[in-house]
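As stored in run_32.cif (mmCIF, C-alpha atoms):
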data_protein
loop_
_atom_site.label_atom_id
_atom_site.label_comp_id
_atom_site.auth_asym_id
_atom_site.auth_seq_id
_atom_site.Cartn_x
_atom_site.Cartn_y
_atom_site.Cartn_z
CA MET A 1 83.07 76.70 78.95
CA PRO A 2 85.97 78.92 77.77
CA ILE A 3 88.59 79.85 80.37
CA THR A 4 88.38 83.60 80.90
CA HIS A 5 89.40 84.08 84.54
CA PHE A 6 92.87 83.36 85.89
CA LEU A 7 93.85 83.33 89.56
CA PHE A 8 97.49 83.16 90.64
CA ASP A 9 99.22 82.47 93.91
CA LEU A 10 102.31 84.65 94.33
CA ASP A 11 105.12 83.08 96.40
CA GLY A 12 106.58 80.13 94.52
CA THR A 13 104.10 80.52 91.67
CA LEU A 14 104.78 83.86 90.02
CA MET A 15 108.31 83.89 91.38
CA ASP A 16 110.71 81.52 93.17
CA SER A 17 110.79 83.03 96.64
CA ASP A 18 110.89 80.02 98.97
CA ALA A 19 114.64 80.21 99.68
CA LEU A 20 114.28 83.84 100.79
CA HIS A 21 111.42 83.00 103.17
CA HIS A 22 113.25 79.96 104.55
CA ALA A 23 116.32 82.06 105.32
CA ALA A 24 114.26 84.77 107.02
CA PHE A 25 112.51 82.26 109.30
CA ASN A 26 115.84 80.75 110.34
CA THR A 27 117.26 84.19 111.12
CA ILE A 28 114.42 84.69 113.61
CA LEU A 29 114.60 81.18 115.05
CA ALA A 30 118.37 81.39 115.61
CA ARG A 31 117.66 83.50 118.71
CA TRP A 32 116.25 80.35 120.30
CA ASP A 33 119.02 78.15 118.85
CA ARG A 34 116.42 76.64 116.54
CA HIS A 35 116.49 75.85 112.85
CA ILE A 36 113.94 74.51 110.36
CA ASP A 37 115.00 72.35 107.44
CA VAL A 38 113.57 72.44 103.94
CA GLU A 39 111.18 69.55 104.60
CA TYR A 40 109.67 71.31 107.61
CA TYR A 41 109.31 74.45 105.50
CA LYS A 42 107.50 72.55 102.75
CA THR A 43 105.20 70.73 105.15
CA HIS A 44 104.29 73.41 107.69
CA ILE A 45 105.05 76.82 106.19
CA MET A 46 104.59 76.95 102.42
CA GLY A 47 101.36 78.75 101.60
CA ALA A 48 100.20 79.14 105.21
CA SER A 49 99.23 82.39 106.89
CA ASN A 50 101.55 83.94 109.47
CA ALA A 51 99.05 83.26 112.24
CA MET A 52 99.12 79.55 111.40
CA ILE A 53 102.90 79.47 110.92
CA PHE A 54 103.90 81.24 114.13
CA GLY A 55 101.18 79.51 116.12
CA HIS A 56 102.82 76.25 115.06
CA LEU A 57 106.40 77.42 115.59
CA PHE A 58 105.63 78.85 119.05
CA PRO A 59 102.77 76.80 120.51
CA GLY A 60 101.27 78.47 123.56
CA MET A 61 102.79 81.87 122.79
CA PRO A 62 100.09 84.59 122.78
CA ALA A 63 99.47 86.28 119.45
CA GLU A 64 100.54 89.67 120.80
CA GLN A 65 104.01 88.18 121.34
CA TYR A 66 104.49 86.32 118.05
CA LEU A 67 102.92 88.93 115.76
CA PRO A 68 105.93 91.29 116.14
CA LEU A 69 108.17 88.33 115.23
CA ALA A 70 106.07 87.71 112.13
CA GLU A 71 106.35 91.36 111.16
CA GLU A 72 110.12 91.25 111.63
CA LYS A 73 110.37 88.10 109.52
CA GLU A 74 108.46 89.79 106.69
CA SER A 75 110.72 92.83 106.93
CA LEU A 76 113.75 90.54 106.60
CA PHE A 77 112.16 88.94 103.53
CA ARG A 78 111.42 92.30 101.92
CA SER A 79 114.99 93.47 102.54
CA GLN A 80 116.16 90.69 100.19
CA LEU A 81 114.00 92.03 97.35
CA ASP A 82 116.33 94.90 96.58
CA GLN A 83 116.68 94.09 92.92
CA ARG A 84 114.53 92.75 90.10
CA VAL A 85 113.59 89.10 90.59
CA GLU A 86 112.90 86.98 87.53
CA PRO A 87 109.25 85.92 87.24
CA THR A 88 108.31 82.33 86.42
CA PRO A 89 108.95 81.58 82.73
CA GLY A 90 105.94 81.97 80.46
CA ILE A 91 103.97 84.41 82.60
CA GLU A 92 104.27 87.25 80.08
CA ARG A 93 102.98 84.90 77.38
CA LEU A 94 100.01 83.95 79.55
CA LEU A 95 99.24 87.56 80.50
CA GLU A 96 99.28 88.49 76.81
CA HIS A 97 96.80 85.67 76.16
CA ILE A 98 94.55 86.99 78.92
CA ARG A 99 94.63 90.48 77.43
CA ARG A 100 94.00 89.16 73.93
CA ILE A 101 90.84 87.26 74.93
CA GLY A 102 89.58 90.05 77.19
CA GLY A 103 90.06 87.86 80.27
CA ARG A 104 90.43 88.85 83.90
CA SER A 105 93.14 88.00 86.39
CA ALA A 106 93.82 88.10 90.13
CA VAL A 107 96.66 87.41 92.51
CA VAL A 108 95.43 85.48 95.55
CA THR A 109 97.99 85.22 98.33
CA ASN A 110 98.47 84.70 102.05
CA ALA A 111 101.42 87.09 101.94
CA PRO A 112 101.03 90.43 103.72
CA ARG A 113 100.05 93.26 101.39
CA ALA A 114 103.42 95.01 101.74
CA ASN A 115 105.18 91.81 100.66
CA ALA A 116 102.81 91.15 97.77
CA GLU A 117 103.11 94.65 96.34
CA LEU A 118 106.91 94.60 96.60
CA MET A 119 107.16 91.13 95.03
CA LEU A 120 105.01 92.18 92.09
CA LYS A 121 107.21 95.23 91.63
CA ALA A 122 110.40 93.17 91.90
CA THR A 123 109.21 90.76 89.20
CA GLY A 124 108.03 93.56 86.91
CA LEU A 125 104.44 92.32 87.21
CA ALA A 126 102.94 95.24 89.15
CA GLY A 127 99.83 96.60 87.47
CA GLN A 128 99.31 93.54 85.27
CA PHE A 129 96.51 91.96 87.30
CA ASP A 130 92.98 93.18 87.83
CA THR A 131 92.88 92.63 91.57
CA LEU A 132 94.97 91.51 94.54
CA VAL A 133 93.39 89.37 97.27
CA ILE A 134 95.21 89.15 100.62
CA GLY A 135 94.17 86.13 102.67
CA ASP A 136 94.96 87.69 106.04
CA GLU A 137 92.64 90.60 105.25
CA LEU A 138 89.69 88.19 105.03
CA ALA A 139 87.88 86.24 107.73
CA ARG A 140 89.74 83.09 106.67
CA ALA A 141 92.98 82.64 104.71
CA LYS A 142 94.13 79.64 102.67
CA PRO A 143 93.65 76.65 102.96
CA ASP A 144 90.07 77.87 103.27
CA PRO A 145 88.53 78.53 99.83
CA LEU A 146 87.37 82.02 100.86
CA PRO A 147 90.31 83.89 99.24
CA TYR A 148 89.61 82.22 95.89
CA LEU A 149 85.87 82.69 96.18
CA THR A 150 86.57 86.36 96.94
CA GLY A 151 88.83 86.60 93.91
CA LEU A 152 86.13 85.17 91.65
CA GLN A 153 83.59 87.58 93.09
CA LEU A 154 85.84 90.60 92.54
CA LEU A 155 86.53 89.50 88.97
CA GLY A 156 82.86 88.81 88.27
CA GLY A 157 83.68 85.26 87.23
CA GLU A 158 82.44 81.72 87.78
CA ALA A 159 84.55 78.78 88.89
CA GLY A 160 83.71 76.85 85.73
CA ALA A 161 85.36 79.53 83.58
CA ALA A 162 88.47 79.86 85.76
CA VAL A 163 91.83 78.26 86.39
CA ALA A 164 94.14 78.70 89.37
CA PHE A 165 97.89 78.25 89.82
CA GLU A 166 99.36 77.15 93.17
CA ASP A 167 102.60 75.65 94.47
CA SER A 168 101.64 74.72 98.06
CA SER A 169 99.32 72.12 99.55
CA SER A 170 97.29 74.75 101.39
CA GLY A 171 96.93 76.84 98.24
CA VAL A 172 95.93 73.90 96.05
CA LYS A 173 93.35 72.88 98.65
CA ALA A 174 91.95 76.42 98.76
CA ALA A 175 91.62 76.79 94.99
CA SER A 176 90.29 73.32 94.26
CA SER A 177 87.82 73.56 97.17
CA ALA A 178 86.48 76.72 95.53
CA GLY A 179 85.61 74.57 92.52
CA ILE A 180 88.38 75.98 90.32
CA TRP A 181 90.48 73.83 87.98
CA THR A 182 93.88 74.04 89.67
CA PHE A 183 97.35 73.67 88.22
CA GLY A 184 99.94 72.60 90.75
CA MET A 185 103.25 74.37 90.12
CA LEU A 186 106.32 72.18 90.54
CA GLY A 187 109.05 73.70 92.66
CA GLY A 188 108.80 73.28 96.39
CA LEU A 189 106.57 70.19 96.20
CA ASP A 190 106.64 67.20 93.89
CA GLU A 191 103.79 66.04 91.67
CA ALA A 192 102.50 63.44 94.14
CA ARG A 193 102.03 65.98 96.94
CA LEU A 194 100.40 68.54 94.66
CA ARG A 195 97.94 65.97 93.31
CA ALA A 196 97.23 64.67 96.81
CA ALA A 197 96.22 68.22 97.78
CA GLY A 198 93.77 68.38 94.86
CA ALA A 199 95.70 69.62 91.81
CA HIS A 200 93.99 68.67 88.55
CA ALA A 201 97.25 68.91 86.58
CA VAL A 202 100.88 69.66 87.40
CA ILE A 203 103.16 71.97 85.40
CA ARG A 204 106.67 73.37 85.72
CA ASP A 205 105.96 76.86 84.39
CA PHE A 206 103.53 78.83 82.23
CA ASN A 207 104.97 77.49 78.98
CA ALA A 208 103.83 73.95 79.81
CA ALA A 209 101.92 72.11 77.09
CA ALA A 210 99.27 70.94 79.58
CA LEU A 211 98.33 74.56 80.30
CA TRP A 212 98.03 75.58 76.67
CA ASP A 213 96.14 72.41 75.85
CA LYS A 214 93.66 73.36 78.58
CA LEU A 215 93.34 76.83 77.02
CA GLY A 216 92.84 75.32 73.58
CA GLU A 217 96.04 76.71 72.08
CA GLN A 218 99.18 75.13 70.71
CA ALA A 219 102.07 75.02 73.16
#
Encoded form (structure tokens):
Amino acid sequence: MPITHFLFDLDGTLMDSDALHHAAFNTILARWDRHIDVEYYKTHIMGASNAMIFGHLFPGMPAEQYLPLAEEKESLFRSQLDQRVEPTPGIERLLEHIRRIGGRSAVVTNAPRANAELMLKATGLAGQFDTLVIGDELARAKPDPLPYLTGLQLLGGEAGAAVAFEDSSSGVKAASSAGIWTFGMLGGLDEARLRAAGAHAVIRDFNAAALWDKLGEQA
């Protein structure tokens, strides 16, 4: 079945944003003389929803207390997006392919909507996708497959005609559990961890030969 539907994670997939998030979390945690290292970030934070992240960082703290902290962290992150951020190499080539074949595309993210819209603007990608799915606006966020199933539904597509792109374990699990062929994006995690989460193939960026082989085109 030809690939006509394309679903993209945002953080770490369409842009390299992990260092900005990591710094914002540590700014918040410094008030408690706490600090998270990169390995903790990769294991417990990448791709997770804020409810999951702050519930883990502050076990036993009621949601009404940690939600303002989550909002402040996201504000700190957005304040770092004050200039154009380079998108992942090859994305313009892939978006042109999608347009040429009459395909459909979605961004599927656990990021808050304000973050997602600003990140797309900062990378120059705003308006280039057919729909934006926000995990926290659904009954269940990633790693549940619901965000990807919702994306397929909004695009009018079937899993067998779709591919997804994810850089986190929770995101790979969500996309592959939805029955979508999933490319793990190297960056925060190595190939072994991406494949362990369910990635069907692993690529560095959107120019990768494995991607274009899957689409039936020369790299």
One-decimal distance in Å that lies between atom CA of Ala199 of chain A and atom CA of Asp18 of chain A =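 Taking atom CA of Asp18 of chain A and atom CA of Ala199 of chain A, their separation equals 19.8 Å.
Selection around (94.7, 75.1, 99.6) with radius 9 Å, counting only C-alpha atoms, yields the residues Gly47, Ala48, Lys142, Pro143, Asp144, Pro145, Glu166, Ser168, Ser169, Ser170, Gly171, Val172, Lys173, Ala174, Ala175, Ser176, Ser177, Ala197 and Gly198 of chain A.
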Taking all atoms listed in the file into account, which of A:Leu95, A:Asp205, A:Leu155, A:Ile101 comes nearest Leu186 of chain A?
->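 Under the stated criterion, the closest residue is A:Asp205.
The closest residue to Pro89 of chain A, picked from A:Leu189, A:Met15, A:Ile36, A:Leu10 and counting only C-alpha atoms, is A:Met15.
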What residues come out when you apply the PyMOL selection byres ((chain A and resi 122) around 8) to this file, written as a list of chain:residue names?
->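 Applying the expression gives A:Leu81, A:Asp82, A:Gln83, A:Arg84, A:Val85, A:Glu86, A:Leu118, A:Met119, A:Leu120, A:Lys121, A:Thr123, A:Gly124, A:Leu125.
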Please tabulate, as JSON lines, the residues of segment 78-116 of chain A that come within 8 Å of segment 130-139 of chain A, each with its closest pair of atoms and the distance in Å to one decimal, counting only C-alpha atoms and ordering rows by chain, then residue number upward.
{"residue": "A:Arg104", "atom": "CA", "partner": "A:Asp130", "partner_atom": "CA", "distance": 6.4}
{"residue": "A:Ser105", "atom": "CA", "partner": "A:Asp130", "partner_atom": "CA", "distance": 5.4}
{"residue": "A:Ala106", "atom": "CA", "partner": "A:Thr131", "partner_atom": "CA", "distance": 4.8}
{"residue": "A:Val107", "atom": "CA", "partner": "A:Leu132", "partner_atom": "CA", "distance": 4.9}
{"residue": "A:Val108", "atom": "CA", "partner": "A:Val133", "partner_atom": "CA", "distance": 4.7}
{"residue": "A:Thr109", "atom": "CA", "partner": "A:Ile134", "partner_atom": "CA", "distance": 5.3}
{"residue": "A:Asn110", "atom": "CA", "partner": "A:Gly135", "partner_atom": "CA", "distance": 4.6}
{"residue": "A:Ala111", "atom": "CA", "partner": "A:Ile134", "partner_atom": "CA", "distance": 6.7}
{"residue": "A:Pro112", "atom": "CA", "partner": "A:Ile134", "partner_atom": "CA", "distance": 6.7}
{"residue": "A:Arg113", "atom": "CA", "partner": "A:Ile134", "partner_atom": "CA", "distance": 6.4}
Picked residues, the PyMOL selection byres ((chain A and resi 160) around 10), expected as JSON, numbers by chain = {"A": [1, 2, 3, 4, 5, 157, 158, 159, 161, 162, 163, 179, 180, 181]}
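Between atom CA of Leu69 of chain A and atom CA of Arg140 of chain A there is a distance of 21.0 Å.
If you look at atom CA of Arg34 of chain A and atom CA of Ala19 of chain A, they are 17.3 Å away from each other.
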First collect every listed atom of segment 54-70 of chain A; then fit an axis-aligned box around them, widen it by 8 Å on each side, and give centre and edge lengths in Å to one decimal, as JSON.
{"center_x": 103.8, "center_y": 83.8, "center_z": 117.8, "size_x": 24.7, "size_y": 31.0, "size_z": 27.4}
Residues selected by the PyMOL selection byres ((chain A and resi 214) around 10), written as a list in words |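 In the shown coordinates, the PyMOL selection byres ((chain A and resi 214) around 10) covers Pro2, Ile3, Val163, Trp181, Ala201, Ala209, Ala210, Leu211, Trp212, Asp213, Leu215, Gly216, Glu217 and Gln218 of chain A.
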Identify which of the residues A:Leu154, A:Ala63, A:Asn207, A:Gly188 lies closest to His22 of chain A, counting only C-alpha atoms when measuring atom-to-atom distances.
->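 Once distances to His22 of chain A are computed over only C-alpha atoms, the minimum belongs to A:Gly188.
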Quick one: residues within 9 Å of Gln80 of chain A, only C-alpha atoms counted, chain neighbours fewer than 4 positions away excluded, as a PyMOL selection string?
-> chain A and resi 20+75-76
So which one's closest to Glu71 of chain A, A:Trp32, A:Phe25, A:Phe165, A:Phe58? Using all atoms listed in the file, please.
->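 Looking only at the distances to Glu71 of chain A, the closest residue turns out to be A:Phe25.
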